[in-house]
Amino acid sequence: MKQVTWTITENTPLTPDTYRLRLTGDTEAITAPGQFVNLRLSGFYLRRPISVCDWEPGAATLIYKVLGHGTAAMTHLPAGTELDVLTGLGNGYDTSLAGERPLLVGGGVGIPPLYGLARRLTAEHRQVTAVLGYNRASDIFLVEELHALGVTVRLLTADGSAGICGLVTDGMEGVNYTHLYTCGPEAMLHAVWQRCRTDGQFSFEERMGCGFGACMGCTCRTKYGHKRICKDGPVLRREEIVW
Amino acid sequence: MKQVTWTITENTPLTPDTYRLRLTGDTEAITAPGQFVNLRLSGFYLRRPISVCDWEPGAATLIYKVLGHGTAAMTHLPAGTELDVLTGLGNGYDTSLAGERPLLVGGGVGIPPLYGLARRLTAEHRQVTAVLGYNRASDIFLVEELHALGVTVRLLTADGSAGICGLVTDGMEGVNYTHLYTCGPEAMLHAVWQRCRTDGQFSFEERMGCGFGACMGCTCRTKYGHKRICKDGPVLRREEIVW
Amino acid sequence: MVNTAVTLCGLPLENPVIPASGTFGYGYEFAQIYDINCLGTFSFKGTTLAPRYGNPTPRIAEYAGGLLNAVGLQNPGVEAVIREELPRLREVFHKPVMANVSGFSVEEYAQVCRQLDGEDQVGWLEVNISCPNVHGGGAAFGAEPQTAAAVTRAVRDVTKKPVIMKLSPAAADIAAVARACQEAGADGVSLINTLPGMRIDLKHRRPLLANGTGGMSGPGIFPLAVRMVYQVYEAVDIPIVGMGGVSTAEDVLELMLAGATAVGVGAANLVEPCACRKIIQDLPAAMERYGIQQLTDIIGGAHHG
Amino acid sequence: MVNTAVTLCGLPLENPVIPASGTFGYGYEFAQIYDINCLGTFSFKGTTLAPRYGNPTPRIAEYAGGLLNAVGLQNPGVEAVIREELPRLREVFHKPVMANVSGFSVEEYAQVCRQLDGEDQVGWLEVNISCPNVHGGGAAFGAEPQTAAAVTRAVRDVTKKPVIMKLSPAAADIAAVARACQEAGADGVSLINTLPGMRIDLKHRRPLLANGTGGMSGPGIFPLAVRMVYQVYEAVDIPIVGMGGVSTAEDVLELMLAGATAVGVGAANLVEPCACRKIIQDLPAAMERYGIQQLTDIIGGAHHG
Ligand SMILES: Cc1cc2nc3c(=O)[nH]c(=O)nc-3n(C[C@H](O)[C@H](O)[C@H](O)COP(=O)(O)OP(=O)(O)OC[C@H]3O[C@@H](n4cnc5c(N)ncnc54)[C@H](O)[C@@H]3O)c2cc1C
Ligand SMILES: Cc1cc2nc3c(=O)[nH]c(=O)nc-3n(C[C@H](O)[C@H](O)[C@H](O)COP(=O)(O)OP(=O)(O)OC[C@H]3O[C@@H](n4cnc5c(N)ncnc54)[C@H](O)[C@@H]3O)c2cc1C
Ligand SMILES: Cc1cc2nc3c(=O)[nH]c(=O)nc-3n(C[C@H](O)[C@H](O)[C@H](O)COP(=O)(O)O)c2cc1C
Ligand SMILES: Cc1cc2nc3c(=O)[nH]c(=O)nc-3n(C[C@H](O)[C@H](O)[C@H](O)COP(=O)(O)O)c2cc1C
Ligand code: FES
Ligand code: FES
């Protein structure tokens, strides 16, 4: 964990309510895909946790969806704005367990961290398949970028307006995978967990006080005791999860 | 009273802790020198009352001193910043009572509203004298501008580092005036009130909740009953003041 | 089209938004800025039997969540209110108005209410029991159920108008106070009044407000208001006017879900003179966002979940 | 050179800044960010007899003045604290630490304090009486002077370490509770704990926190803390650890002028991990700004003016 200042270089809508934020600044503390950052926004007391979508030395990309007042305020931040960021938070995904054919399952704004993961997995020469679920065609983002990495993408929408009509669990049918990585709403994670036939890594969300393990605001029960989503997670192993 | 948006065109230090803020926007509601505006600052709940130093259609000048956190934050506002302003507040000075030789007595950041007053009085072809008190030479501002209007300026500093060494009451000695206008710290107003040998108008400060007469936060006692500094003032007539 | 109408103690309100006492004067200042007839109603400045100057200044301080005030119930006294303020108020506001009443003895409350009972435009009497009881060692009437009930009974006896008891968040058990008011005949309760707080002037090393303490209001007390409205809703059957830190249409919905039938807006009027008009304008869109057809449907709605 | 040292119940503190219980864990997370030995001391997470999971999530909500938490005293229980946490803590923090103790019965408080009494590094016992009394209908021990005194006596009997009773702002009369604690043998009091509040989830029409209510903390409660410290200072002769919304060195001075000997910093640590280090770094300049040579000179200074 590190407290740094990042400067916005770009803040553009990818869909009507999903934005891509590109930033420059110290990214040293980020060591694994699936980690997150905690952004201080002027006018809000608590920081806002957002997954790292992609990063390189000196630059990072985040993708966020407008959900409440904080994320709505974020859409108004112009390029040049400096943000106070706690970076390198959480454990992130472990790519050493991926095997040859990892499967990535993402829903909505659970998809961004899977991009950074896919980039690392493809760099490690694994055959990556991604099952991506959106509500409707106009919600789609990151699909081309994943294609460009060489990922096999299965696209689903809940209303059938693009790709296959259905949920991510429908998209998982028939995929032959060695390990599963997933991120998305809790109901989706649960359904994916029930379908998953290999070991897997599940990334959770919780309302956070601090984001670095100090307040016990984000605790969940696991088979191995209480864990803090922000510090011991957000990624949990399949076998330890208690629903 | 009117709620308007003003845009900062300039925010420059005149002394180490006193700044001039030039703004553009609707100034229609300002009708008399000595009126004030109430500025909304991001990060602060209450607005900050600042006297109008000068104004014309479409533009206004304020001069403020860094006193606490709000005025300190103001120094960081760059040109182009839009401010939410309640304008045209308070009664202001009545120039019809000035007579031929009005005397203006100002101390520190009580001086700014006297500039707008002097401009109107000189335009009305009165012979204006201003007694201006500062703590030290490095605090001096607005003197040249008042000179330029044709005002006779008597300059005093408490430490003698410029002008006459003394307080404004010393500077009042020997001036032959028809009416007195003053603004400054309360202790100064009281001393001036005791010295004043004509009718006069005294501008007061008080902590304000609203600035437009709604909350009774700024009430003072006068000979004619309770008055709200923000609405029935900030300018009170000499005879009505109760110390 | 969504429906914002509610009924408060038998009287209809076009919408639940009520500028809170002490932040809206007698309405004139605001009537110069917008047509205040868009309001559900408003509660005018707290009225006592005798004229009061209130506390010395400074009366206002700031904190991160709003402001502190120690105005000290400045008002011209009930006779002047009836003689001078109400006729002027009538010119700018054409709906029943809420009369806010304060007192320092049970008799004073009763006396003020008796006089206001004769005023046609007064729709409700809102009885502020945060004031110290001069016969009771200075504790507020609203601190304990017994004293709150005593004021309620005395006021109930002298008026046929709906009586709304305004509760203090400084009460040990606000739900118990509300219950006592209901049992003593109150038609409604309103809450919360300001929360006693203090700021200190570092330069002069003394309390910043001349009065020492002042009442905290504004968004910083909003969760306290929500919690208390929620608790009082479970304790009484009479309508609640919820308030404390409301600044947006969403805040109105939140307090109504907690149990409020109508919602007071105080401090927000002081820093945003058009706050109440804006809240009223924003209400329909906010209702649609949360699938609300009629505001009356959501009163206490957070208790079923 | 200004002097920031104070003495708290006989033990010297390099400076009055104390991260508040529940916001600093056992110090490790912060020790990774800065050398926490710059602190006066810190109060570790509230400890109960048995391990506690705490409340279901969501446990955190936001408001304009800070946050609400309903963590519900999650902790591994006093035995695990002694066996596992204190040895690890010792590696990163070399000063006496404040042990925060909670309980749901008088016996539990005494039992936990008895066990912690044997720990060398524990300098003070801070006894949090905001918890509900399971034998007392769920009212908090800190709500009334009698129950607060009962806990104080029980704890006093089992330890020679200084006992600091941590008071709740929800008490009807916090000064009376403080006085009762002093009479029952407390060496100090700390205040304020969080203020019960609530937020409601508009989308789901139910309280946002799974627990319903949660404790308000952060700058929104600062004037409440100042007021209560001021009142308690007039009621007791034992030192006060003041807290509630402190975020800056000036806030520290303000609470000390109100009467605090040392100052707790809670929520600020969560959003600004280096908050306490920064406050300590800023203290000397802030003292100079207000002409303060020694911090001990200003304790209660606002009462003389
Ligand atoms: C580890 C982690 C990674 C995340 N990554 C992303 C991401 O990459 N892209 C993205 O769009 N969103 C992400 N989220 C969700 C994002 O944090 C919330 O959408 C955001 O905090 C909402 O803030 P708001 O002010 O708009 O909503 P409000 O409802 O106004 O926020 C009020 C409070 O609730 C919290 N909150 C509300 N919803 C959530 C939520 N779903 N999860 C956690 N806290 C919440 C806020 O942080 C704030 O403290 C992530 C959350 C977590 C915990
Ligand atoms: C009618 C009027 C006209 C004024 N004109 C000018 C001017 O032209 N130039 C100028 O520099 N100053 C002027 N002032 C004073 C100015 O309002 C304060 O210096 C300013 O509000 C301080 O804000 P702060 O946040 O820096 O101080 P803080 O102390 O942090 O402010 C805390 C609160 O106290 C209030 N406050 C603090 N000091 C004063 C004060 N002296 N008067 C009123 N409120 C105060 C603030 O508005 C705020 O609500 C005027 C005040 C009034 C009432
Ligand atoms: C300046 C001011 C004056 C007030 N005067 C009164 C009053 O006279 N009578 C009363 O019952 N409440 C009074 N109140 C309390 C408000 O009506 C309201 O209950 C409280 O401020 C909480 O709401 P808010 O946070 O929206 O301001 C006053 C509040 C303020 C800020
Ligand atoms: C997340 C969180 C957990 C807390 N846990 C405890 C606790 O275990 N014991 C305790 O006495 N106080 C606890 N508190 C209260 C704080 O110690 C402090 O009294 C309160 O938050 C007010 O200070 P602040 O506004 O600076 O946060 C907790 C506060 C927070 C925010
Ligand atoms: S959010 Fe504080 S411990 Fe996880
Ligand atoms: S500041 Fe509100 S009446 Fe003057």
# chains A, B, ... in the order shown; residues from 1 in each chain; ligands from 1

$ closest_atom_pairs --of "chain D" --to "ligand 1" --cutoff "8 Å" --atoms "only C-alpha atoms and all ligand atoms" --output "tab-separated table"
residue	atom	partner	partner_atom_place_in_ligand_line	distance
D:Ile60	CA	ligand 1	49 (O)	7.4
D:Ala61	CA	ligand 1	33 (C)	5.8
D:Glu62	CA	ligand 1	33 (C)	5.5

$ write_last_selection --atoms "C-alpha atoms" --output "PDB file, in the first residue's frame"
ATOM      1  CA  ILE D  60     -20.048   1.078   6.775  1.00  0.00           C
ATOM      2  CA  ALA D  61     -22.076   4.005   5.476  1.00  0.00           C
ATOM      3  CA  GLU D  62     -21.223   7.587   4.690  1.00  0.00           C
TER       4      GLU D  62
END

$ residues_around --residues "region 232-240 of chain C" --least-positions-apart "3" --cutoff "10 Å" --atoms "only C-alpha atoms" --output "count of residues only"
40

$ interface_residues --of "chain D" --to "chain B" --cutoff "12 Å" --atoms "only C-alpha atoms" --output "PyMOL selection string"
chain D and resi 64-65+220+250

$ residues_around --residues "region 202-209 of chain A" --least-positions-apart "3" --cutoff "9 Å" --atoms "only C-alpha atoms" --output "PyMOL selection string"
(chain A and resi 34+46-49+92-93+110+180-186+189+193+212+214-219+229-230+233-238+241) or (chain D and resi 57-62+67-69+267+270-271)

$ interface_residues --of "chain B" --to "chain A" --cutoff "10 Å" --atoms "only C-alpha atoms" --output "MDAnalysis selection string"
chainID B and resid 42:44

$ write_last_selection --atoms "N, CA, C and O atoms" --output "CSV table (one decimal), in the first residue's frame"
chain,number,residue,atom,x,y,z
B,42,SER,N,-16.3,26.0,-2.1
B,42,SER,CA,-16.5,24.5,-2.0
B,42,SER,C,-15.7,24.0,-0.8
B,42,SER,O,-14.6,24.5,-0.5
B,43,GLY,N,-16.3,23.1,-0.1
B,43,GLY,CA,-15.7,22.6,1.1
B,43,GLY,C,-16.1,23.4,2.4
B,43,GLY,O,-15.7,23.0,3.5
B,44,PHE,N,-16.9,24.4,2.3
B,44,PHE,CA,-17.3,25.2,3.5
B,44,PHE,C,-18.8,25.3,3.5
B,44,PHE,O,-19.4,25.5,2.4
